[in-house]
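Asks: Input file: model-v3.cif. Contents: mmCIF, C-alpha atoms (C1' of nucleotides).
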```
data_model
loop_
_atom_site.group_PDB
_atom_site.id
_atom_site.type_symbol
_atom_site.label_atom_id
_atom_site.label_comp_id
_atom_site.auth_asym_id
_atom_site.auth_seq_id
_atom_site.Cartn_x
_atom_site.Cartn_y
_atom_site.Cartn_z
ATOM 1 C CA MET X 840 21.376 -16.974 -39.848
ATOM 2 C CA PRO X 841 23.293 -14.609 -37.570
ATOM 3 C CA ILE X 842 21.561 -11.668 -35.920
ATOM 4 C CA GLU X 843 21.844 -8.618 -38.195
ATOM 5 C CA ARG X 844 19.380 -6.068 -36.911
ATOM 6 C CA LYS X 845 17.930 -5.302 -33.565
ATOM 7 C CA SER X 846 14.279 -5.652 -32.741
ATOM 8 C CA LYS X 847 12.228 -4.740 -29.731
ATOM 9 C CA GLN X 848 10.769 -8.246 -29.749
ATOM 10 C CA ARG X 849 14.172 -9.851 -29.304
ATOM 11 C CA ASP X 850 15.157 -7.260 -26.694
ATOM 12 C CA ALA X 851 12.018 -8.014 -24.715
ATOM 13 C CA ILE X 852 12.656 -11.742 -24.902
ATOM 14 C CA ILE X 853 16.217 -11.582 -23.629
ATOM 15 C CA ASN X 854 15.315 -8.986 -21.008
ATOM 16 C CA GLU X 855 12.604 -11.217 -19.617
ATOM 17 C CA LEU X 856 14.848 -14.273 -19.685
ATOM 18 C CA CYS X 857 17.743 -12.545 -17.922
ATOM 19 C CA SER X 858 15.508 -11.125 -15.213
ATOM 20 C CA ARG X 859 14.479 -14.502 -13.884
ATOM 21 C CA ASP X 860 16.309 -17.537 -12.634
ATOM 22 C CA ASP X 861 13.685 -20.189 -13.081
ATOM 23 C CA HIS X 862 14.027 -21.914 -16.435
ATOM 24 C CA PRO X 863 10.942 -21.112 -18.456
ATOM 25 C CA THR X 864 9.727 -23.165 -21.371
ATOM 26 C CA ALA X 865 9.058 -21.427 -24.663
ATOM 27 C CA MET X 866 5.374 -21.161 -23.780
ATOM 28 C CA GLU X 867 6.007 -19.771 -20.303
ATOM 29 C CA LEU X 868 8.337 -17.198 -21.772
ATOM 30 C CA TYR X 869 5.813 -16.413 -24.488
ATOM 31 C CA LEU X 870 3.083 -15.661 -21.950
ATOM 32 C CA SER X 871 5.417 -13.398 -19.979
ATOM 33 C CA VAL X 872 6.711 -11.418 -22.947
ATOM 34 C CA ARG X 873 3.135 -11.021 -24.218
ATOM 35 C CA GLU X 874 2.522 -8.805 -21.214
ATOM 36 C CA VAL X 875 5.030 -6.361 -22.694
ATOM 37 C CA ILE X 876 4.319 -6.967 -26.400
ATOM 38 C CA PRO X 877 0.733 -8.224 -26.536
ATOM 39 C CA ASN X 878 0.792 -9.241 -30.194
ATOM 40 C CA LEU X 879 4.089 -11.111 -30.049
ATOM 41 C CA SER X 880 3.888 -14.147 -32.264
ATOM 42 C CA LEU X 881 4.819 -17.569 -30.984
ATOM 43 C CA GLY X 882 6.818 -18.175 -34.150
ATOM 44 C CA THR X 883 8.823 -15.025 -33.456
ATOM 45 C CA LEU X 884 9.619 -16.272 -29.976
ATOM 46 C CA TYR X 885 10.879 -19.620 -31.242
ATOM 47 C CA ARG X 886 12.890 -18.028 -34.046
ATOM 48 C CA ASN X 887 14.566 -15.615 -31.668
ATOM 49 C CA LEU X 888 15.297 -18.236 -29.041
ATOM 50 C CA SER X 889 17.106 -20.262 -31.693
ATOM 51 C CA GLN X 890 19.045 -17.216 -32.878
ATOM 52 C CA LEU X 891 19.960 -16.192 -29.344
ATOM 53 C CA GLU X 892 21.075 -19.722 -28.570
ATOM 54 C CA GLU X 893 23.173 -19.882 -31.721
ATOM 55 C CA SER X 894 24.853 -16.596 -30.926
ATOM 56 C CA GLY X 895 25.603 -17.741 -27.398
ATOM 57 C CA MET X 896 23.405 -15.251 -25.561
ATOM 58 C CA VAL X 897 21.016 -17.838 -24.197
ATOM 59 C CA LEU X 898 21.352 -21.414 -23.025
ATOM 60 C CA ARG X 899 18.955 -24.127 -24.109
ATOM 61 C CA ILE X 900 18.280 -26.787 -21.493
ATOM 62 C CA PRO X 901 17.178 -29.965 -23.242
ATOM 63 C CA ASP X 902 13.982 -31.277 -21.659
ATOM 64 C CA GLY X 903 12.136 -33.624 -23.958
ATOM 65 C CA SER X 904 10.000 -31.696 -26.400
ATOM 66 C CA ASN X 905 9.649 -28.959 -23.826
ATOM 67 C CA ASP X 906 13.057 -27.359 -23.813
ATOM 68 C CA ARG X 907 13.804 -24.732 -21.223
ATOM 69 C CA PHE X 908 15.849 -21.598 -21.580
ATOM 70 C CA ASP X 909 18.340 -19.875 -19.347
ATOM 71 C CA GLY X 910 19.763 -16.367 -19.484
ATOM 72 C CA ASN X 911 22.710 -17.531 -17.367
ATOM 73 C CA ILE X 912 25.183 -18.579 -20.042
ATOM 74 C CA ASN X 913 27.766 -19.982 -17.671
ATOM 75 C CA PRO X 914 27.511 -23.694 -18.339
ATOM 76 C CA HIS X 915 26.066 -25.175 -15.175
ATOM 77 C CA ALA X 916 24.144 -28.238 -14.084
ATOM 78 C CA HIS X 917 20.425 -28.572 -13.418
ATOM 79 C CA PHE X 918 18.122 -30.633 -11.302
ATOM 80 C CA LYS X 919 14.625 -31.546 -12.400
ATOM 81 C CA CYS X 920 11.979 -32.664 -9.949
ATOM 82 C CA THR X 921 10.124 -35.522 -11.583
ATOM 83 C CA VAL X 922 7.053 -34.787 -9.471
ATOM 84 C CA CYS X 923 6.411 -31.068 -9.908
ATOM 85 C CA GLY X 924 8.510 -30.684 -13.044
ATOM 86 C CA LYS X 925 10.458 -27.649 -11.824
ATOM 87 C CA VAL X 926 14.049 -27.249 -12.977
ATOM 88 C CA TYR X 927 16.527 -25.835 -10.479
ATOM 89 C CA ASP X 928 20.147 -24.783 -10.777
ATOM 90 C CA LEU X 929 22.307 -27.408 -9.169
ATOM 91 C CA MET X 930 24.901 -24.749 -8.618
ATOM 92 C CA SER X 931 24.804 -21.167 -9.760
ATOM 93 C CA PHE X 932 27.355 -18.373 -9.914
ATOM 94 C CA LYS X 933 24.791 -15.711 -10.689
ATOM 95 C CA ASN X 934 25.050 -12.287 -9.091
ATOM 96 C CA ASP X 935 28.455 -12.933 -7.525
ATOM 97 C CA SER X 936 27.023 -15.534 -5.203
ATOM 98 C CA VAL X 937 27.342 -19.281 -5.281
ATOM 99 C CA SER X 938 24.171 -21.110 -4.368
ATOM 100 C CA PHE X 939 24.213 -24.795 -3.670
ATOM 101 C CA SER X 940 21.206 -26.953 -3.649
ATOM 102 C CA ASP X 941 21.149 -28.700 -0.276
ATOM 103 C CA ASP X 942 17.955 -26.842 0.485
ATOM 104 C CA ILE X 943 16.335 -27.916 -2.770
ATOM 105 C CA ILE X 944 17.185 -31.501 -3.581
ATOM 106 C CA GLY X 945 15.276 -34.270 -1.837
ATOM 107 C CA ASN X 946 16.792 -37.248 -3.604
ATOM 108 C CA VAL X 947 18.463 -37.927 -6.936
ATOM 109 C CA VAL X 948 17.453 -41.122 -8.706
ATOM 110 C CA ASN X 949 19.049 -40.616 -12.091
ATOM 111 C CA TYR X 950 21.058 -38.233 -14.145
ATOM 112 C CA SER X 951 21.900 -37.526 -17.745
ATOM 113 C CA LEU X 952 25.157 -36.011 -18.927
ATOM 114 C CA MET X 953 25.328 -35.192 -22.602
ATOM 115 C CA ALA X 954 28.273 -33.453 -24.221
ATOM 116 C CA PHE X 955 27.884 -31.761 -27.608
ATOM 117 C CA GLY X 956 30.510 -31.194 -30.256
ATOM 118 C CA GLN X 957 31.964 -32.791 -33.337
ATOM 119 C CA CYS X 958 33.163 -36.356 -33.545
ATOM 120 C CA LYS X 959 36.611 -36.929 -35.046
ATOM 121 C CA HIS X 960 35.136 -38.069 -38.321
ATOM 122 C CA CYS X 961 32.985 -34.988 -38.870
ATOM 123 C CA ASN X 962 35.796 -32.772 -37.611
ATOM 124 C CA LYS X 963 38.108 -34.018 -40.358
ATOM 125 C CA LEU X 964 35.634 -33.120 -43.082
ATOM 126 C CA ASN X 965 35.841 -29.433 -42.243
ATOM 127 C CA MET V 40 1.524 -49.278 -14.524
ATOM 128 C CA PRO V 41 4.113 -51.913 -13.604
ATOM 129 C CA ILE V 42 4.863 -54.869 -15.877
ATOM 130 C CA GLU V 43 2.551 -57.759 -14.964
ATOM 131 C CA ARG V 44 2.745 -60.243 -17.829
ATOM 132 C CA LYS V 45 5.342 -61.139 -20.323
ATOM 133 C CA SER V 46 4.907 -60.618 -24.030
ATOM 134 C CA LYS V 47 6.989 -61.585 -27.013
ATOM 135 C CA GLN V 48 6.796 -57.998 -28.230
ATOM 136 C CA ARG V 49 8.482 -56.680 -25.084
ATOM 137 C CA ASP V 50 11.031 -59.504 -25.144
ATOM 138 C CA ALA V 51 11.943 -58.702 -28.736
ATOM 139 C CA ILE V 52 12.312 -55.008 -27.913
ATOM 140 C CA ILE V 53 14.666 -55.500 -24.992
ATOM 141 C CA ASN V 54 16.609 -58.217 -26.804
ATOM 142 C CA GLU V 55 17.231 -55.917 -29.731
ATOM 143 C CA LEU V 56 18.172 -53.019 -27.472
ATOM 144 C CA CYS V 57 20.628 -55.063 -25.388
ATOM 145 C CA SER V 58 22.322 -56.516 -28.446
ATOM 146 C CA ARG V 59 23.543 -53.172 -29.723
ATOM 147 C CA ASP V 60 25.589 -50.344 -28.290
ATOM 148 C CA ASP V 61 24.528 -47.513 -30.517
ATOM 149 C CA HIS V 62 21.651 -45.564 -29.029
ATOM 150 C CA PRO V 63 18.667 -46.015 -31.284
ATOM 151 C CA THR V 64 15.704 -43.690 -31.396
ATOM 152 C CA ALA V 65 12.232 -45.140 -30.999
ATOM 153 C CA MET V 66 11.843 -45.228 -34.776
ATOM 154 C CA GLU V 67 15.200 -46.901 -35.384
ATOM 155 C CA LEU V 68 14.331 -49.522 -32.801
ATOM 156 C CA TYR V 69 10.898 -49.942 -34.317
ATOM 157 C CA LEU V 70 12.321 -50.692 -37.756
ATOM 158 C CA SER V 71 14.747 -53.252 -36.305
ATOM 159 C CA VAL V 72 12.182 -55.085 -34.185
ATOM 160 C CA ARG V 73 9.794 -55.143 -37.145
ATOM 161 C CA GLU V 74 12.230 -57.540 -38.801
ATOM 162 C CA VAL V 75 11.404 -60.019 -36.042
ATOM 163 C CA ILE V 76 7.756 -59.103 -35.477
ATOM 164 C CA PRO V 77 6.575 -57.601 -38.764
ATOM 165 C CA ASN V 78 3.245 -56.322 -37.485
ATOM 166 C CA LEU V 79 4.609 -54.705 -34.332
ATOM 167 C CA SER V 80 2.744 -51.489 -33.672
ATOM 168 C CA LEU V 81 4.559 -48.248 -33.060
ATOM 169 C CA GLY V 82 2.284 -47.540 -30.103
ATOM 170 C CA THR V 83 3.292 -50.861 -28.581
ATOM 171 C CA LEU V 84 6.950 -49.938 -28.916
ATOM 172 C CA TYR V 85 6.458 -46.593 -27.178
ATOM 173 C CA ARG V 86 4.328 -48.124 -24.424
ATOM 174 C CA ASN V 87 6.897 -50.810 -23.723
ATOM 175 C CA LEU V 88 9.851 -48.448 -23.796
ATOM 176 C CA SER V 89 8.124 -46.353 -21.143
ATOM 177 C CA GLN V 90 7.365 -49.439 -19.043
ATOM 178 C CA LEU V 91 10.891 -50.762 -19.389
ATOM 179 C CA GLU V 92 12.319 -47.386 -18.455
ATOM 180 C CA GLU V 93 10.047 -47.134 -15.428
ATOM 181 C CA SER V 94 11.051 -50.597 -14.238
ATOM 182 C CA GLY V 95 14.717 -49.745 -14.665
ATOM 183 C CA MET V 96 15.501 -52.222 -17.445
ATOM 184 C CA VAL V 97 16.237 -49.557 -20.026
ATOM 185 C CA LEU V 98 17.774 -46.108 -19.959
ATOM 186 C CA ARG V 99 16.220 -43.164 -21.748
ATOM 187 C CA ILE V 100 18.699 -40.653 -23.140
ATOM 188 C CA PRO V 101 16.966 -37.289 -23.480
ATOM 189 C CA ASP V 102 17.567 -35.894 -26.960
ATOM 190 C CA GLY V 103 15.040 -33.260 -27.857
ATOM 191 C CA SER V 104 11.841 -34.811 -29.117
ATOM 192 C CA ASN V 105 13.863 -37.733 -30.424
ATOM 193 C CA ASP V 106 14.847 -39.567 -27.285
ATOM 194 C CA ARG V 107 17.305 -42.420 -27.548
ATOM 195 C CA PHE V 108 17.368 -45.656 -25.612
ATOM 196 C CA ASP V 109 20.130 -47.696 -24.081
ATOM 197 C CA GLY V 110 20.161 -51.280 -22.832
ATOM 198 C CA ASN V 111 23.202 -50.464 -20.728
ATOM 199 C CA ILE V 112 21.592 -49.416 -17.450
ATOM 200 C CA ASN V 113 24.790 -48.359 -15.736
ATOM 201 C CA PRO V 114 24.409 -44.586 -15.593
ATOM 202 C CA HIS V 115 27.027 -43.240 -17.954
ATOM 203 C CA ALA V 116 27.687 -40.130 -19.983
ATOM 204 C CA HIS V 117 27.122 -39.554 -23.684
ATOM 205 C CA PHE V 118 28.563 -37.460 -26.457
ATOM 206 C CA LYS V 119 26.474 -36.245 -29.357
ATOM 207 C CA CYS V 120 28.019 -35.096 -32.592
ATOM 208 C CA THR V 121 26.101 -32.005 -33.669
ATOM 209 C CA VAL V 122 27.041 -32.657 -37.300
ATOM 210 C CA CYS V 123 26.123 -36.285 -37.949
ATOM 211 C CA GLY V 124 23.811 -36.628 -34.949
ATOM 212 C CA LYS V 125 25.329 -39.861 -33.660
ATOM 213 C CA VAL V 126 25.367 -40.446 -29.915
ATOM 214 C CA TYR V 127 28.419 -42.185 -28.463
ATOM 215 C CA ASP V 128 29.206 -43.470 -25.013
ATOM 216 C CA LEU V 129 31.646 -41.120 -23.354
ATOM 217 C CA MET V 130 32.790 -43.994 -21.235
ATOM 218 C CA SER V 131 31.342 -47.456 -21.090
ATOM 219 C CA PHE V 132 31.786 -50.382 -18.742
ATOM 220 C CA LYS V 133 29.961 -52.798 -21.012
ATOM 221 C CA ASN V 134 31.237 -56.366 -21.437
ATOM 222 C CA ASP V 135 33.887 -56.065 -18.739
ATOM 223 C CA SER V 136 35.850 -53.564 -20.755
ATOM 224 C CA VAL V 137 36.254 -49.854 -20.290
ATOM 225 C CA SER V 138 36.215 -47.847 -23.485
ATOM 226 C CA PHE V 139 37.234 -44.234 -23.502
ATOM 227 C CA SER V 140 36.448 -41.842 -26.235
ATOM 228 C CA ASP V 141 39.741 -40.310 -27.321
ATOM 229 C CA ASP V 142 39.267 -41.975 -30.655
ATOM 230 C CA ILE V 143 35.777 -40.569 -31.057
ATOM 231 C CA ILE V 144 35.599 -37.012 -29.806
ATOM 232 C CA GLY V 145 36.837 -34.210 -32.041
ATOM 233 C CA ASN V 146 35.912 -31.255 -29.889
ATOM 234 C CA VAL V 147 33.359 -30.491 -27.195
ATOM 235 C CA VAL V 148 31.622 -27.137 -27.418
ATOM 236 C CA ASN V 149 28.887 -27.550 -24.834
ATOM 237 C CA TYR V 150 27.406 -29.946 -22.371
ATOM 238 C CA SER V 151 24.226 -30.506 -20.448
ATOM 239 C CA LEU V 152 24.033 -32.190 -17.072
ATOM 240 C CA MET V 153 20.554 -32.844 -15.736
ATOM 241 C CA ALA V 154 19.853 -34.718 -12.532
ATOM 242 C CA PHE V 155 16.409 -36.205 -11.901
ATOM 243 C CA GLY V 156 14.723 -36.858 -8.596
ATOM 244 C CA GLN V 157 12.381 -35.252 -6.107
ATOM 245 C CA CYS V 158 12.813 -31.795 -4.705
ATOM 246 C CA LYS V 159 12.540 -31.417 -0.930
ATOM 247 C CA HIS V 160 9.064 -29.998 -1.175
ATOM 248 C CA CYS V 161 7.627 -32.874 -3.220
ATOM 249 C CA ASN V 162 9.563 -35.378 -1.117
ATOM 250 C CA LYS V 163 7.776 -34.202 2.047
ATOM 251 C CA LEU V 164 4.356 -34.750 0.546
ATOM 252 C CA ASN V 165 4.942 -38.506 0.159
ATOM 253 C "C1'" DT J 225 15.982 13.192 -44.198
ATOM 254 C "C1'" DA J 226 13.971 10.424 -47.893
ATOM 255 C "C1'" DT J 227 14.654 5.823 -50.379
ATOM 256 C "C1'" DA J 228 15.619 1.129 -51.101
ATOM 257 C "C1'" DA J 229 16.863 -3.463 -49.630
ATOM 258 C "C1'" DT J 230 15.726 -6.967 -46.739
ATOM 259 C "C1'" DA J 231 15.785 -8.697 -41.788
ATOM 260 C "C1'" DA J 232 12.362 -9.503 -38.853
ATOM 261 C "C1'" DC J 233 7.558 -9.621 -37.912
ATOM 262 C "C1'" DA J 234 2.399 -11.532 -37.141
ATOM 263 C "C1'" DG J 235 -0.471 -14.928 -38.284
ATOM 264 C "C1'" DT J 236 -1.284 -19.377 -39.658
ATOM 265 C "C1'" DA J 237 -0.592 -23.955 -41.767
ATOM 266 C "C1'" DA J 238 2.235 -28.017 -41.734
ATOM 267 C "C1'" DT J 239 5.258 -31.356 -39.506
ATOM 268 C "C1'" DC J 240 6.370 -35.018 -36.654
ATOM 269 C "C1'" DA J 241 7.348 -37.470 -32.381
ATOM 270 C "C1'" DT J 242 4.604 -39.068 -28.915
ATOM 271 C "C1'" DT J 243 0.306 -40.264 -26.490
ATOM 272 C "C1'" DA J 244 -4.483 -41.746 -26.148
ATOM 273 C "C1'" DC J 245 -8.228 -44.460 -27.663
ATOM 274 C "C1'" DT J 246 -10.857 -48.763 -29.363
ATOM 275 C "C1'" DG J 247 -11.838 -53.223 -30.221
ATOM 276 C "C1'" DA J 248 -9.208 -57.726 -30.599
ATOM 277 C "C1'" DT J 249 -5.850 -61.067 -28.681
ATOM 278 C "C1'" DA J 250 -3.356 -63.823 -25.525
ATOM 279 C "C1'" DG J 251 -0.940 -64.698 -20.735
ATOM 280 C "C1'" DA J 252 -2.012 -66.661 -16.254
ATOM 281 C "C1'" DG J 253 -4.645 -68.016 -12.328
ATOM 282 C "C1'" DA J 254 -8.940 -70.633 -11.000
ATOM 283 C "C1'" DT O 1198 -11.001 -75.122 -20.118
ATOM 284 C "C1'" DC O 1199 -12.826 -70.628 -18.584
ATOM 285 C "C1'" DT O 1200 -12.432 -66.006 -17.141
ATOM 286 C "C1'" DC O 1201 -10.158 -61.804 -16.357
ATOM 287 C "C1'" DT O 1202 -7.658 -58.293 -18.046
ATOM 288 C "C1'" DA O 1203 -2.876 -56.937 -19.501
ATOM 289 C "C1'" DT O 1204 -1.248 -56.266 -23.769
ATOM 290 C "C1'" DC O 1205 -1.741 -55.804 -28.570
ATOM 291 C "C1'" DA O 1206 -2.548 -53.646 -33.575
ATOM 292 C "C1'" DG O 1207 -4.302 -49.972 -35.713
ATOM 293 C "C1'" DT O 1208 -5.436 -45.378 -35.832
ATOM 294 C "C1'" DA O 1209 -6.825 -40.751 -34.261
ATOM 295 C "C1'" DA O 1210 -5.516 -36.939 -31.399
ATOM 296 C "C1'" DT O 1211 -2.166 -34.005 -29.133
ATOM 297 C "C1'" DG O 1212 1.188 -30.556 -28.694
ATOM 298 C "C1'" DA O 1213 5.644 -28.534 -29.339
ATOM 299 C "C1'" DT O 1214 8.148 -26.854 -33.005
ATOM 300 C "C1'" DT O 1215 9.054 -25.382 -37.762
ATOM 301 C "C1'" DA O 1216 7.862 -23.513 -42.296
ATOM 302 C "C1'" DC O 1217 5.351 -20.417 -45.132
ATOM 303 C "C1'" DT O 1218 3.208 -15.826 -46.713
ATOM 304 C "C1'" DG O 1219 2.375 -11.289 -46.935
ATOM 305 C "C1'" DT O 1220 3.498 -7.084 -44.022
ATOM 306 C "C1'" DT O 1221 6.414 -4.015 -41.193
ATOM 307 C "C1'" DA O 1222 10.406 -1.766 -39.650
ATOM 308 C "C1'" DT O 1223 15.554 -1.381 -39.286
ATOM 309 C "C1'" DT O 1224 19.659 0.267 -41.390
ATOM 310 C "C1'" DA O 1225 22.746 1.715 -44.946
ATOM 311 C "C1'" DT O 1226 23.106 4.988 -48.539
ATOM 312 C "C1'" DA O 1227 21.966 8.866 -51.535
#
```
If you took the structure in this file and wrote it as structure tokens, what would it be?
Replies:
Amino acid sequence: MPIERKSKQRDAIINELCSRDDHPTAMELYLSVREVIPNLSLGTLYRNLSQLEESGMVLRIPDGSNDRFDGNINPHAHFKCTVCGKVYDLMSFKNDSVSFSDDIIGNVVNYSLMAFGQCKHCNKLN
Amino acid sequence: MPIERKSKQRDAIINELCSRDDHPTAMELYLSVREVIPNLSLGTLYRNLSQLEESGMVLRIPDGSNDRFDGNINPHAHFKCTVCGKVYDLMSFKNDSVSFSDDIIGNVVNYSLMAFGQCKHCNKLN
DNA sequence: TATAATAACAGTAATCATTACTGATAGAGA
DNA sequence: TCTCTATCAGTAATGATTACTGTTATTATA
């Protein structure tokens, strides 16, 4: 389902997401956008996040069943603190500046790199 | 809660996981281990997977709300086909052989790299 | 600028993986 | 063997996400 019409709800969602550089969960984003559109429905938020992701305007950061979202669509790496739960950019090219993370990271104990695409078998079927 | 006693349930779980190189979900693993211990409880499986992960004997591969598990505890990267859903090793050092993925990957359209650890702030508090 | 078609909405119910709880069972030290 | 309690089986609860239903609002066309 591509995006076919514009809506103020979707505009508000992407505006909020692009104006911040933390990586809010759906619920955190919901609470923020509700301050602009008080009767925004949670279902609407989820539907639009999926649409925006599919159309490449938003990045989904897998995080268990608590995915986070990022208005910075340059693919980039993240660091999650397992104590406080915050997710930081490992390296960001936002706003013409490169920020590294030496001032953020205490220690790294694990990582997960997952690539997404089509395997050769499924690629052949198309 | 560290592991303090041994149990045949936990043994069966880690045996099954180490004997395969696909990356089963909790439910897939549950169905397999049930063939050895027919009355294994799903709660027991989840509890033990968490314990085994915490003690470093098993690797959790974040995958939405359908995490996958890996008996290969060398940190390594994965590739997920967005069509069939299978998760492959991008590169594996298992069994003294290195397997690359040229025969597996069709195309890569996205990736996610997440590092886990403690941020400087939380590190100071300990 | 009206009208019609339907994308998108608000509100809510359903889904489903995971976690928490309860009473029973079984390792392991005394 | 006895005791303690980690672990278990079974099940209820949780919580994020998705699906459903009737309503609203965007957009193309007359």
Asks: Just want the 12 Å neighbourhood of DT1220 of chain O, counted on only C-alpha atoms (C1' of nucleotides), with same-chain residues fewer than 3 positions away dropped. Output as a count of residues only.
Replies: 4
Asks: Could you tell me which residues the PyMOL selection byres ((chain O) within 10 of (chain V)) returns for this structure, as a PyMOL selection string?
Replies: chain O and resi 1203-1208+1213-1214
Asks: Keeping only C-alpha atoms (C1' of nucleotides), write those residues as a PDB file, keeping the file's coordinate frame.
Replies:
```pdb
ATOM      1  C1'  DA O1203      -2.876 -56.937 -19.501  1.00  0.00           C
ATOM      2  C1'  DT O1204      -1.248 -56.266 -23.769  1.00  0.00           C
ATOM      3  C1'  DC O1205      -1.741 -55.804 -28.570  1.00  0.00           C
ATOM      4  C1'  DA O1206      -2.548 -53.646 -33.575  1.00  0.00           C
ATOM      5  C1'  DG O1207      -4.302 -49.972 -35.713  1.00  0.00           C
ATOM      6  C1'  DT O1208      -5.436 -45.378 -35.832  1.00  0.00           C
ATOM      7  C1'  DA O1213       5.644 -28.534 -29.339  1.00  0.00           C
ATOM      8  C1'  DT O1214       8.148 -26.854 -33.005  1.00  0.00           C
TER       9       DT O1214
END
```
Asks: Given the file above and the PyMOL selection byres ((chain V and resi 107-124) around 9), which residues are selected, and can you give them as a PyMOL selection string?
Replies: (chain X and resi 949-958+961-962) or (chain V and resi 53-65+68+88+92+95-102+105-106+125-133+144-145+147+150)
Asks: Please evaluate the PyMOL selection byres ((chain J and resi 225) around 12) against the structure above and give the resulting residues as a list in words.
Replies: DA226 and DT227 of chain J; DT1226 and DA1227 of chain O
Asks: Please check the contacts: residues of chain J at most 10 Å away from chain V, using only C-alpha atoms (C1' of nucleotides), listed as JSON, numbers by chain.
Replies: {"J": [240, 241, 242, 243, 244, 250, 251, 252]}
Asks: One decimal, Å: what's the distance from atom C1' of DT1223 of chain O over to atom C1' of DT230 of chain J, could you say?
Replies: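 Pair atom C1' of DT1223 of chain O / atom C1' of DT230 of chain J returns 9.3 Å.
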Asks: For Lys159 of chain V, list every protein, DNA or RNA residue within 9 Å, evaluated using all atoms listed in the file, and leave out those in the same chain fewer than 4 positions away; present the list as a list in words.
Replies: Asp942, Ile943, Ile944, Gly945 and Asn946 of chain X; Lys163 and Leu164 of chain V
Asks: Rounded to one decimal in Å, what is the spacing between atom C1' of DT1221 of chain O and atom CA of Ile876 of chain X?
Replies: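 About the pair atom C1' of DT1221 of chain O and atom CA of Ile876 of chain X: they are 15.2 Å apart.
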